[in-house]
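> Got a file for you: my_file_33.cif, mmCIF, C-alpha atoms.
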data_work
#
loop_
_atom_site.label_atom_id
_atom_site.label_comp_id
_atom_site.auth_asym_id
_atom_site.auth_seq_id
_atom_site.Cartn_x
_atom_site.Cartn_y
_atom_site.Cartn_z
CA MET A 514 -36.59 14.30 52.71
CA ARG A 515 -38.80 11.23 52.43
CA PHE A 516 -39.86 10.48 48.85
CA ILE A 517 -40.88 7.65 46.54
CA ALA A 518 -38.93 6.77 43.40
CA ASP A 519 -39.80 4.47 40.49
CA LEU A 520 -36.56 4.01 38.56
CA HIS A 521 -37.52 1.56 35.80
CA ILE A 522 -40.19 2.41 33.23
CA HIS A 523 -40.46 2.52 29.45
CA SER A 524 -41.30 5.19 26.91
CA LYS A 525 -43.64 5.15 23.92
CA TYR A 526 -40.65 4.00 21.84
CA SER A 527 -40.53 0.53 23.45
CA ARG A 528 -42.46 -2.38 21.99
CA ALA A 529 -45.88 -3.13 23.49
CA THR A 530 -45.95 0.23 25.24
CA SER A 531 -48.74 2.81 25.39
CA PRO A 532 -48.42 5.86 23.13
CA ASP A 533 -49.23 7.86 26.27
CA MET A 534 -45.81 7.06 27.73
CA ASP A 535 -44.55 10.55 26.94
CA VAL A 536 -43.07 13.09 29.32
CA GLY A 537 -46.37 14.87 29.99
CA HIS A 538 -48.43 11.79 30.80
CA ILE A 539 -45.64 10.23 32.86
CA ALA A 540 -45.40 13.38 34.99
CA GLU A 541 -49.18 13.58 35.35
CA TRP A 542 -49.47 10.00 36.59
CA ALA A 543 -46.43 10.31 38.83
CA LYS A 544 -48.29 13.08 40.67
CA LEU A 545 -51.46 11.00 40.91
CA LYS A 546 -49.48 8.11 42.35
CA GLY A 547 -47.36 10.20 44.73
CA ILE A 548 -44.03 9.49 43.00
CA THR A 549 -41.46 12.25 43.44
CA VAL A 550 -38.68 10.80 41.26
CA VAL A 551 -39.35 8.72 38.15
CA GLY A 552 -36.92 7.12 35.71
CA THR A 553 -37.05 8.35 32.15
CA GLY A 554 -36.63 4.88 30.69
CA ASP A 555 -35.23 4.32 27.20
CA PHE A 556 -32.60 7.08 27.07
CA THR A 557 -30.79 4.91 24.51
CA HIS A 558 -33.46 5.64 21.88
CA PRO A 559 -32.42 8.71 19.82
CA LEU A 560 -35.91 10.20 19.44
CA TRP A 561 -36.75 9.77 23.12
CA PHE A 562 -33.32 11.11 24.09
CA GLU A 563 -33.95 14.30 22.15
CA GLU A 564 -37.46 14.64 23.58
CA LEU A 565 -36.08 14.28 27.08
CA ARG A 566 -33.32 16.79 26.45
CA SER A 567 -35.76 19.33 25.02
CA LYS A 568 -38.39 19.03 27.77
CA LEU A 569 -36.52 18.31 30.99
CA LYS A 570 -34.91 21.07 33.03
CA GLU A 571 -31.80 20.26 35.05
CA THR A 572 -31.99 20.83 38.81
CA ASP A 573 -29.24 21.61 41.30
CA GLY A 574 -29.19 18.03 42.58
CA GLY A 575 -28.39 16.42 39.24
CA LEU A 576 -31.95 15.32 38.61
CA TYR A 577 -34.21 16.75 35.90
CA GLU A 578 -37.66 18.26 36.22
CA TYR A 579 -40.89 18.58 34.29
CA ASN A 580 -44.08 20.07 35.71
CA GLY A 581 -42.95 19.58 39.29
CA VAL A 582 -41.86 15.94 38.87
CA LYS A 583 -38.21 14.95 39.13
CA PHE A 584 -36.71 12.63 36.50
CA ILE A 585 -33.57 10.49 36.63
CA LEU A 586 -31.97 9.27 33.40
CA THR A 587 -32.52 5.52 33.02
CA ALA A 588 -32.69 2.88 30.32
CA GLU A 589 -33.05 -0.89 30.01
CA VAL A 590 -30.97 -2.95 27.60
CA SER A 591 -31.07 -6.59 26.59
CA ASN A 592 -27.95 -8.70 26.04
CA MET A 593 -28.55 -11.94 24.15
CA TYR A 594 -25.48 -14.17 23.67
CA THR A 595 -24.08 -17.65 24.21
CA LYS A 596 -21.84 -18.46 27.15
CA LYS A 597 -20.66 -21.84 28.44
CA GLY A 598 -22.78 -23.56 25.81
CA LYS A 599 -26.05 -21.94 26.84
CA GLY A 600 -28.06 -19.09 25.40
CA ARG A 601 -28.23 -16.09 27.75
CA ARG A 602 -30.75 -13.26 27.76
CA ILE A 603 -29.95 -10.72 30.45
CA HIS A 604 -31.70 -7.38 30.96
CA THR A 605 -30.09 -4.55 32.91
CA ILE A 606 -31.19 -1.11 34.08
CA LEU A 607 -28.74 1.72 33.39
CA LEU A 608 -28.71 4.92 35.44
CA ALA A 609 -26.75 7.91 34.14
CA PRO A 610 -25.89 11.10 36.07
CA ASP A 611 -26.46 13.49 33.15
CA PHE A 612 -27.14 13.79 29.44
CA ALA A 613 -23.43 13.94 28.61
CA CYS A 614 -22.90 10.52 30.15
CA ALA A 615 -26.05 9.10 28.51
CA GLU A 616 -24.88 10.42 25.15
CA LYS A 617 -21.51 8.67 25.54
CA ILE A 618 -23.27 5.40 26.37
CA ASN A 619 -25.56 5.77 23.36
CA LYS A 620 -22.68 6.50 21.02
CA LYS A 621 -20.81 3.41 22.17
CA LEU A 622 -23.86 1.17 22.02
CA GLY A 623 -24.59 2.47 18.53
CA TYR A 624 -21.38 0.81 17.35
CA TYR A 625 -22.63 -2.61 18.49
CA GLY A 626 -26.28 -2.63 17.49
CA ASN A 627 -29.37 -0.80 16.35
CA ILE A 628 -30.52 1.60 19.06
CA THR A 629 -33.27 3.11 16.92
CA SER A 630 -35.54 0.07 16.47
CA ASP A 631 -36.73 -0.25 20.07
CA GLY A 632 -36.59 1.65 23.35
CA ARG A 633 -35.06 -1.46 24.90
CA PRO A 634 -32.27 -2.31 22.42
CA ILE A 635 -30.80 -5.79 21.99
CA PHE A 636 -27.08 -6.52 21.78
CA GLY A 637 -25.13 -9.69 21.08
CA PHE A 638 -22.19 -9.12 23.40
CA ASP A 639 -21.58 -10.33 26.97
CA VAL A 640 -23.58 -8.41 29.59
CA LYS A 641 -20.44 -7.76 31.63
CA ASP A 642 -19.32 -5.41 28.85
CA ILE A 643 -22.36 -3.18 29.41
CA VAL A 644 -20.87 -2.46 32.84
CA LYS A 645 -17.58 -1.40 31.28
CA ILE A 646 -19.32 0.83 28.72
CA CYS A 647 -21.36 2.64 31.37
CA LEU A 648 -18.52 3.13 33.83
CA ASP A 649 -16.20 4.33 31.04
CA ALA A 650 -18.82 6.99 30.29
CA SER A 651 -18.98 8.01 33.98
CA LYS A 652 -17.90 6.41 37.24
CA GLU A 653 -21.20 7.68 38.65
CA SER A 654 -23.21 5.37 36.41
CA LEU A 655 -25.07 2.50 38.06
CA ILE A 656 -25.99 -0.86 36.51
CA ILE A 657 -28.72 -3.01 38.06
CA PRO A 658 -29.78 -6.45 36.78
CA ALA A 659 -33.46 -6.10 35.91
CA HIS A 660 -36.33 -8.32 37.18
CA ALA A 661 -33.70 -10.75 38.40
CA TRP A 662 -35.79 -13.93 38.37
CA THR A 663 -37.95 -13.69 35.24
CA PRO A 664 -37.56 -17.03 33.38
CA TRP A 665 -36.68 -15.65 29.95
CA PHE A 666 -34.74 -12.40 30.39
CA SER A 667 -32.85 -12.15 33.67
CA ILE A 668 -29.69 -12.92 35.58
CA PHE A 669 -31.23 -15.87 37.46
CA GLY A 670 -33.90 -16.83 34.91
CA SER A 671 -34.60 -20.56 34.62
CA ASN A 672 -34.33 -20.47 30.82
CA SER A 673 -31.62 -17.91 30.20
CA GLY A 674 -29.69 -16.96 33.32
CA PHE A 675 -26.86 -17.86 35.66
CA ASP A 676 -26.62 -19.23 39.19
CA SER A 677 -24.74 -16.27 40.66
CA VAL A 678 -23.81 -12.65 40.06
CA LYS A 679 -20.15 -13.68 39.85
CA GLU A 680 -20.84 -16.26 37.15
CA CYS A 681 -22.72 -13.67 35.10
CA PHE A 682 -20.55 -10.55 35.46
CA GLU A 683 -17.17 -12.15 36.23
CA GLU A 684 -14.53 -9.46 36.81
CA GLU A 685 -17.21 -6.75 36.72
CA SER A 686 -19.29 -8.32 39.50
CA GLY A 687 -17.75 -5.93 42.05
CA ASN A 688 -19.49 -3.08 40.23
CA ILE A 689 -22.94 -4.58 40.81
CA TYR A 690 -24.50 -3.15 43.98
CA ALA A 691 -28.20 -3.91 43.62
CA LEU A 692 -30.70 -6.29 42.06
CA GLU A 693 -34.25 -5.58 40.96
CA THR A 694 -36.57 -8.20 42.46
CA GLY A 695 -39.23 -8.01 39.72
CA LEU A 696 -42.98 -8.44 40.01
CA SER A 697 -42.89 -12.22 40.61
CA SER A 698 -40.55 -12.13 43.60
CA ASP A 699 -40.25 -9.99 46.72
CA PRO A 700 -37.35 -9.35 49.12
CA SER A 701 -38.31 -12.20 51.46
CA MET A 702 -37.78 -14.69 48.64
CA ASN A 703 -34.37 -13.19 47.85
CA TRP A 704 -33.35 -13.26 51.52
CA ARG A 705 -33.23 -17.06 51.26
CA LEU A 706 -29.96 -16.76 49.30
CA SER A 707 -27.02 -15.79 51.50
CA ALA A 708 -25.05 -14.91 48.35
CA LEU A 709 -27.40 -11.94 47.81
CA ASP A 710 -26.90 -10.38 51.26
CA ARG A 711 -24.39 -7.84 49.97
CA TYR A 712 -26.76 -6.49 47.32
CA ASN A 713 -29.50 -3.94 47.81
CA LEU A 714 -32.88 -5.12 46.57
CA VAL A 715 -34.74 -2.47 44.59
CA SER A 716 -38.25 -2.56 43.16
CA ASN A 717 -39.72 -0.68 40.23
CA SER A 718 -42.85 -0.78 38.11
CA ASP A 719 -41.32 -1.57 34.69
CA ALA A 720 -44.40 0.35 33.54
CA HIS A 721 -45.51 0.16 29.90
CA SER A 722 -48.49 2.48 30.48
CA PRO A 723 -48.87 5.52 32.76
CA SER A 724 -51.41 3.92 35.11
CA LYS A 725 -48.90 1.18 35.98
CA LEU A 726 -46.39 3.63 37.45
CA GLY A 727 -45.55 2.88 41.08
CA ARG A 728 -46.95 -0.64 41.21
CA GLU A 729 -43.52 -1.27 42.70
CA ALA A 730 -41.25 1.50 43.96
CA ASN A 731 -38.57 2.57 46.45
CA VAL A 732 -38.87 4.88 49.46
CA PHE A 733 -35.85 7.08 50.25
CA ASP A 734 -34.99 9.63 52.90
CA THR A 735 -32.21 11.60 51.25
CA GLU A 736 -31.56 14.86 49.51
CA LEU A 737 -33.33 15.08 46.16
CA GLY A 738 -30.30 14.42 44.02
CA TYR A 739 -28.76 11.79 41.76
CA ASN A 740 -25.71 11.12 43.92
CA ALA A 741 -27.76 10.92 47.11
CA ILE A 742 -30.03 8.27 45.56
CA ILE A 743 -27.13 6.28 44.09
CA CYS A 744 -25.22 6.34 47.38
CA ALA A 745 -28.26 5.17 49.32
CA ILE A 746 -28.58 2.23 46.92
CA LYS A 747 -24.87 1.38 46.82
CA ASN A 748 -24.35 1.61 50.57
CA LYS A 749 -27.54 -0.25 51.50
CA ASN A 750 -28.12 2.45 54.08
CA LYS A 751 -31.27 1.68 56.09
CA SER A 752 -31.55 5.27 57.31
CA LYS A 753 -31.51 6.54 53.71
CA PHE A 754 -33.19 3.69 51.84
CA LEU A 755 -36.25 3.11 54.02
CA TYR A 756 -38.18 0.33 52.28
CA THR A 757 -39.53 -0.94 48.98
CA ILE A 758 -43.13 -1.08 47.82
CA GLU A 759 -43.94 -4.49 46.39
CA PHE A 760 -46.49 -6.33 44.34
CA PHE A 761 -47.68 -9.43 46.11
CA PRO A 762 -45.38 -11.77 44.14
CA GLU A 763 -48.16 -14.29 43.56
CA GLU A 764 -49.69 -11.68 41.26
CA GLY A 765 -46.65 -11.74 39.00
CA LYS A 766 -46.82 -13.52 35.64
CA TYR A 767 -44.11 -16.05 36.47
CA HIS A 768 -44.49 -16.84 40.17
CA PHE A 769 -45.41 -20.54 39.82
CA ASP A 770 -44.54 -23.12 37.18
CA GLY A 771 -46.99 -23.87 34.43
CA HIS A 772 -48.09 -24.27 30.84
CA ARG A 773 -50.46 -21.54 29.70
CA ASN A 774 -51.80 -23.36 26.63
CA CYS A 775 -53.08 -26.18 28.84
CA ASN A 776 -54.12 -23.97 31.76
CA VAL A 777 -51.76 -25.93 34.00
CA VAL A 778 -50.32 -24.16 37.05
CA LEU A 779 -48.15 -26.01 39.55
CA ALA A 780 -46.25 -25.28 42.73
CA PRO A 781 -42.56 -26.26 42.59
CA LYS A 782 -43.10 -29.52 44.48
CA GLU A 783 -45.91 -30.48 42.10
CA SER A 784 -43.89 -29.76 38.96
CA ARG A 785 -40.99 -31.87 40.25
CA LEU A 786 -43.34 -34.83 40.62
CA CYS A 787 -44.05 -34.66 36.88
CA ASN A 788 -40.40 -34.02 35.92
CA SER A 789 -41.16 -30.40 35.01
CA ARG A 790 -43.39 -31.47 32.12
CA CYS A 791 -46.99 -30.54 31.50
CA PRO A 792 -49.21 -33.37 32.82
CA LYS A 793 -51.69 -32.71 29.98
CA CYS A 794 -49.50 -32.50 26.87
CA GLY A 795 -46.07 -33.60 28.06
CA ARG A 796 -44.25 -30.47 26.91
CA PRO A 797 -41.74 -28.72 29.20
CA LEU A 798 -43.24 -26.40 31.79
CA THR A 799 -42.11 -22.80 32.13
CA ILE A 800 -40.26 -22.93 35.42
CA GLY A 801 -41.30 -19.97 37.53
CA VAL A 802 -39.61 -17.73 40.03
CA MET A 803 -40.53 -19.61 43.20
CA ASN A 804 -39.08 -22.84 41.83
CA ARG A 805 -35.87 -21.12 40.79
CA VAL A 806 -35.50 -19.44 44.19
CA GLU A 807 -35.90 -22.80 45.92
CA GLU A 808 -33.31 -24.31 43.60
CA LEU A 809 -30.66 -21.75 44.58
CA ALA A 810 -31.70 -21.04 48.18
CA ASP A 811 -29.53 -22.05 51.12
CA ARG A 812 -31.95 -20.75 53.77
CA PRO A 813 -35.49 -21.72 54.81
CA GLU A 814 -38.62 -19.71 54.08
CA GLY A 815 -39.07 -16.88 56.58
CA TYR A 816 -35.36 -16.18 57.09
CA ARG A 817 -34.62 -12.47 57.47
CA PRO A 818 -31.04 -11.12 57.38
CA GLN A 819 -30.27 -8.62 60.13
CA GLU A 820 -29.26 -5.91 57.64
CA ALA A 821 -32.26 -6.42 55.35
CA ILE A 822 -34.16 -3.36 54.17
CA PRO A 823 -37.89 -3.88 54.84
CA PHE A 824 -40.75 -3.84 52.36
CA LYS A 825 -44.49 -3.28 52.20
CA SER A 826 -46.76 -5.22 49.86
CA LEU A 827 -49.62 -3.34 48.20
CA VAL A 828 -52.24 -3.72 45.50
CA PRO A 829 -52.78 -0.73 43.16
CA LEU A 830 -55.79 1.31 44.24
CA ILE A 831 -57.62 0.97 40.94
CA GLU A 832 -57.42 -2.83 41.23
CA ILE A 833 -58.80 -2.69 44.77
CA ILE A 834 -61.72 -0.56 43.62
CA ALA A 835 -62.36 -2.83 40.63
CA GLU A 836 -62.46 -5.89 42.89
CA VAL A 837 -64.88 -4.23 45.30
CA LYS A 838 -67.14 -2.95 42.52
CA GLN A 839 -66.82 -6.16 40.49
CA LYS A 840 -66.06 -4.04 37.42
CA GLY A 841 -63.15 -3.80 35.00
CA VAL A 842 -60.27 -1.46 35.86
CA GLN A 843 -61.06 0.63 32.77
CA SER A 844 -64.78 0.92 33.53
CA LYS A 845 -66.30 4.36 34.12
CA THR A 846 -67.51 3.34 37.58
CA VAL A 847 -64.01 2.35 38.71
CA CYS A 848 -62.26 5.32 37.09
CA ASP A 849 -64.70 7.79 38.64
CA GLU A 850 -64.26 6.23 42.08
CA TYR A 851 -60.47 6.34 41.66
CA LYS A 852 -60.49 10.04 40.73
CA LYS A 853 -62.74 10.82 43.70
CA ALA A 854 -60.41 8.98 46.08
CA ILE A 855 -57.34 10.80 44.74
CA GLY A 856 -59.20 14.09 45.16
CA TYR A 857 -59.69 13.32 48.86
CA PHE A 858 -56.16 12.16 49.65
CA GLY A 859 -53.96 14.01 47.15
CA ASN A 860 -52.29 10.93 45.69
CA GLU A 861 -52.50 7.15 45.75
CA PHE A 862 -49.62 6.44 48.09
CA ASN A 863 -50.95 8.87 50.70
CA LEU A 864 -54.12 6.81 50.68
CA LEU A 865 -52.59 3.32 50.56
CA LEU A 866 -49.69 3.88 52.96
CA ASP A 867 -50.49 6.70 55.36
CA ALA A 868 -54.22 7.38 55.74
CA ASP A 869 -55.71 6.07 58.99
CA GLU A 870 -58.58 3.61 58.96
CA GLU A 871 -61.16 6.06 60.29
CA THR A 872 -60.42 8.64 57.60
CA LEU A 873 -60.50 5.96 54.91
CA HIS A 874 -63.88 4.84 56.15
CA GLN A 875 -65.26 8.37 56.23
CA ARG A 876 -64.05 9.29 52.76
CA LEU A 877 -64.33 6.05 50.81
CA GLY A 878 -67.07 4.09 52.49
CA GLU A 879 -66.99 0.77 54.26
CA ASP A 880 -66.38 -1.61 51.35
CA ILE A 881 -63.36 0.13 49.81
CA SER A 882 -61.79 1.12 53.15
CA ASP A 883 -62.14 -2.45 54.45
CA ALA A 884 -60.53 -3.77 51.28
CA ILE A 885 -57.58 -1.37 51.68
CA MET A 886 -57.08 -2.49 55.26
CA ARG A 887 -57.15 -6.15 54.20
CA VAL A 888 -54.41 -5.40 51.68
CA ARG A 889 -52.33 -3.65 54.36
CA ASN A 890 -52.76 -6.68 56.62
CA GLY A 891 -51.97 -9.18 53.87
CA GLU A 892 -55.42 -10.77 54.16
CA LEU A 893 -55.68 -11.74 50.50
CA LYS A 894 -56.36 -14.83 48.46
CA ILE A 895 -54.34 -14.79 45.25
CA GLU A 896 -54.22 -17.38 42.50
CA PRO A 897 -50.52 -17.45 41.52
CA GLY A 898 -49.43 -16.29 38.09
CA TYR A 899 -47.62 -18.69 35.75
CA ASP A 900 -46.15 -18.90 32.24
CA GLY A 901 -46.97 -15.28 31.37
CA THR A 902 -50.43 -15.32 33.00
CA ALA A 903 -50.89 -12.75 35.76
CA GLY A 904 -52.06 -13.90 39.17
#
Transcribe the structure of this file into structure tokens.


Amino acid sequence: MRFIADLHIHSKYSRATSPDMDVGHIAEWAKLKGITVVGTGDFTHPLWFEELRSKLKETDGGLYEYNGVKFILTAEVSNMYTKKGKGRRIHTILLAPDFACAEKINKKLGYYGNITSDGRPIFGFDVKDIVKICLDASKESLIIPAHAWTPWFSIFGSNSGFDSVKECFEEESGNIYALETGLSSDPSMNWRLSALDRYNLVSNSDAHSPSKLGREANVFDTELGYNAIICAIKNKNKSKFLYTIEFFPEEGKYHFDGHRNCNVVLAPKESRLCNSRCPKCGRPLTIGVMNRVEELADRPEGYRPQEAIPFKSLVPLIEIIAEVKQKGVQSKTVCDEYKKAIGYFGNEFNLLLDADEETLHQRLGEDISDAIMRVRNGELKIEPGYDGTAG
């Protein structure tokens, strides 16, 4: 069965997250987007854990269900610690096969830190130990380094990370099977590192509000079950894991280098010419994802490993409509047009991925249909994001 899964989101219990990130709204927007399986996010938070357990119904495949949408138990945790004389801030996504496993993880994490203050809890121990905790709870758990290149909170981040999976996870590195590319990188950037060939590259929305669901996602062709999804990820099976849906990485908040306070944005070559310091104020630049990829890469741009799982780059429909109408994404004009389009095509991914050009033109008119086709063909002009500013 072909389906789309978004495995990394947050609940209303995470900081800077919409109060609408509850089970009902998540399920509603998953349907609008065309997402069959969505991560719960934040199962480490006690209140969210109880809400999930009270509202979700277990299915035969080891997934959970609410209002026709399948859920998989996921969480994100932050490990902040010092190693080899440098401060580290590493985020990981945890996937658990059932509530019993999630409860064991929560109980153990509760010994080491406060899991009630935020949906994404912070711990002071080495990130490799999160792998041990999860696998002790169940061998079917999966741990994925989150948004692997983000400068401040990731495995390869310029300000807080490492140069390799082995350096980060040490003896537990063999239990890492996948990496999340994040919004500021795409698979083609990661393909430039031969050391990453063994890992599957997954993509998720990291949504903090329901409308952001599916801005990145994964397309599977498996049975609808926890083990089937985990095996497709672990085995990097191209017949089971079909492709990922990606942001154009230039849109991400940390694609290029820069200094937001001075409105300075620089490509890696440009920032090296000024010794990675802001040419206006002299302070250090925030080194972005592209620069960090080039620092670690041992392959040229455009290299594609033979076993690589493909990807498709999209722009969310509501952003396409807003650009065409020259209105804000929250404006009534844009929202009404979005609802009308979903009414025609059933869900957003049907429209963006599968609808033919003639049908798009008939249903949506020339301007919007032409814009969708330009996105499909990669005919875009994007000002790269930098230092927390979206592209």

> Report, in Å to a single decimal, how far apart CA of Glu693 (chain A) and CA of Ser722 (chain A) are.

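Atom-to-atom, CA of Ser722 (chain A) to CA of Glu693 (chain A), that is 19.4 Å.
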
> Write out as a list in words each polymer residue whose atoms come within 10 Å of Ser686 (chain A), counting all atoms listed in the file; drop sequence neighbours fewer than 5 positions from it.

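Residues near the query, excluding close chain neighbours: Lys641, Val644, Ser677, Val678, Lys679, Glu680 and Cys681 of chain A.
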
> To one decimal place in Å, what is the distance between CA of Lys544 (chain A) and CA of Asn860 (chain A)?

6.8 Å

> Applying the PyMOL selection byres ((chain A and resi 619) around 10) to the file I just gave you, which residues come out? Please list them as a ChimeraX atom specification.

/A:556-559,562,613-618,620-624,628,646-647,650

> Please indicate the distance in Å from CA of Leu865 (chain A) to CA of Gly552 (chain A), rounded to one decimal place.

21.9 Å

> Give as a list of chain:residue names the residues that the PyMOL selection byres ((chain A and resi 826) around 10) matches when applied to the coordinates above.

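Residues picked by the PyMOL selection byres ((chain A and resi 826) around 10): A:Asp699, A:Arg728, A:Glu729, A:Thr757, A:Ile758, A:Glu759, A:Phe760, A:Phe761, A:Pro762, A:Phe824, A:Lys825, A:Leu827, A:Val828, A:Val888, A:Arg889, A:Asn890, A:Gly891.
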
> For the provided coordinates, the residues matched by the PyMOL selection byres ((chain A and resi 736) around 10) should be stated as an NGL selection string.

:A and (514-516 or 574 or 733-735 or 737-742 or 753)

> Looking at A:Asn580, A:Ser698, A:Asn776, A:Asn672, which one is nearest to Thr549 (chain A), with distances taken over all atoms listed in the file?

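The answer is A:Asn580, which sits nearest to Thr549 (chain A).
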
> Please, which residues are within 12 Å of (-16.3, 1.9, 38.2) by the file's coordinates, counting all atoms listed in the file, and could they come as JSON, numbers by chain?

{"A": [643, 644, 645, 646, 647, 648, 649, 650, 651, 652, 653, 654, 655, 656, 684, 685, 686, 687, 688, 689, 690]}

> Given the point (-39.0, -0.7, 22.4) in the coordinates of this file, which residues lie within 7 Å, counting all atoms listed in the file, and how would they look as an MDAnalysis selection string?

chainID A and resid 526:528 630:634

> Could you write out that same residue set with C-alpha atoms as a short mmCIF file (atom, residue, chain, number, x, y, z; two decimals), in the coordinates of the input?


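The result, stored in result-v8.cif:
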data_model
loop_
_atom_site.label_atom_id
_atom_site.label_comp_id
_atom_site.auth_asym_id
_atom_site.auth_seq_id
_atom_site.Cartn_x
_atom_site.Cartn_y
_atom_site.Cartn_z
CA TYR A 526 -40.65 4.00 21.84
CA SER A 527 -40.53 0.53 23.45
CA ARG A 528 -42.46 -2.38 21.99
CA SER A 630 -35.54 0.07 16.47
CA ASP A 631 -36.73 -0.25 20.07
CA GLY A 632 -36.59 1.65 23.35
CA ARG A 633 -35.06 -1.46 24.90
CA PRO A 634 -32.27 -2.31 22.42
#

> Residues within 12 Å of Glu870 (chain A), please, as a count of residues only. Count all atoms listed in the file; anything in the same chain fewer than 3 positions from it doesn't count.

19

> Can I get a file of region 603-616 of chain A from the given structure, N, CA and C atoms kept, as an mmCIF file, in the first residue's frame?


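Dumped everything to out_16.cif:
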data_model
loop_
_atom_site.group_PDB
_atom_site.id
_atom_site.type_symbol
_atom_site.label_atom_id
_atom_site.label_comp_id
_atom_site.auth_asym_id
_atom_site.auth_seq_id
_atom_site.Cartn_x
_atom_site.Cartn_y
_atom_site.Cartn_z
ATOM 1 N N ILE A 603 22.277 18.084 20.888
ATOM 2 C CA ILE A 603 21.862 17.125 19.870
ATOM 3 C C ILE A 603 20.394 16.752 20.088
ATOM 4 N N HIS A 604 19.592 16.884 19.048
ATOM 5 C CA HIS A 604 18.191 16.478 19.096
ATOM 6 C C HIS A 604 18.019 15.144 18.374
ATOM 7 N N THR A 605 17.192 14.284 18.946
ATOM 8 C CA THR A 605 16.888 13.000 18.324
ATOM 9 C C THR A 605 15.383 12.757 18.318
ATOM 10 N N ILE A 606 14.942 12.002 17.314
ATOM 11 C CA ILE A 606 13.555 11.553 17.230
ATOM 12 C C ILE A 606 13.502 10.118 17.749
ATOM 13 N N LEU A 607 12.564 9.852 18.638
ATOM 14 C CA LEU A 607 12.368 8.511 19.188
ATOM 15 C C LEU A 607 11.075 7.929 18.630
ATOM 16 N N LEU A 608 11.124 6.695 18.168
ATOM 17 C CA LEU A 608 9.930 5.980 17.722
ATOM 18 C C LEU A 608 9.757 4.741 18.585
ATOM 19 N N ALA A 609 8.570 4.581 19.138
ATOM 20 C CA ALA A 609 8.279 3.467 20.048
ATOM 21 C C ALA A 609 7.167 2.595 19.466
ATOM 22 N N PRO A 610 7.260 1.267 19.636
ATOM 23 C CA PRO A 610 6.275 0.373 19.035
ATOM 24 C C PRO A 610 4.928 0.355 19.737
ATOM 25 N N ASP A 611 4.876 0.773 21.003
ATOM 26 C CA ASP A 611 3.611 0.730 21.737
ATOM 27 C C ASP A 611 3.715 1.590 22.987
ATOM 28 N N PHE A 612 2.574 1.736 23.657
ATOM 29 C CA PHE A 612 2.543 2.580 24.857
ATOM 30 C C PHE A 612 3.376 1.995 25.993
ATOM 31 N N ALA A 613 3.464 0.667 26.069
ATOM 32 C CA ALA A 613 4.259 0.051 27.134
ATOM 33 C C ALA A 613 5.725 0.435 27.005
ATOM 34 N N CYS A 614 6.221 0.420 25.773
ATOM 35 C CA CYS A 614 7.607 0.827 25.538
ATOM 36 C C CYS A 614 7.783 2.312 25.843
ATOM 37 N N ALA A 615 6.869 3.150 25.342
ATOM 38 C CA ALA A 615 6.963 4.592 25.584
ATOM 39 C C ALA A 615 6.945 4.898 27.074
ATOM 40 N N GLU A 616 6.135 4.156 27.821
ATOM 41 C CA GLU A 616 6.047 4.383 29.264
ATOM 42 C C GLU A 616 7.368 4.033 29.952
#
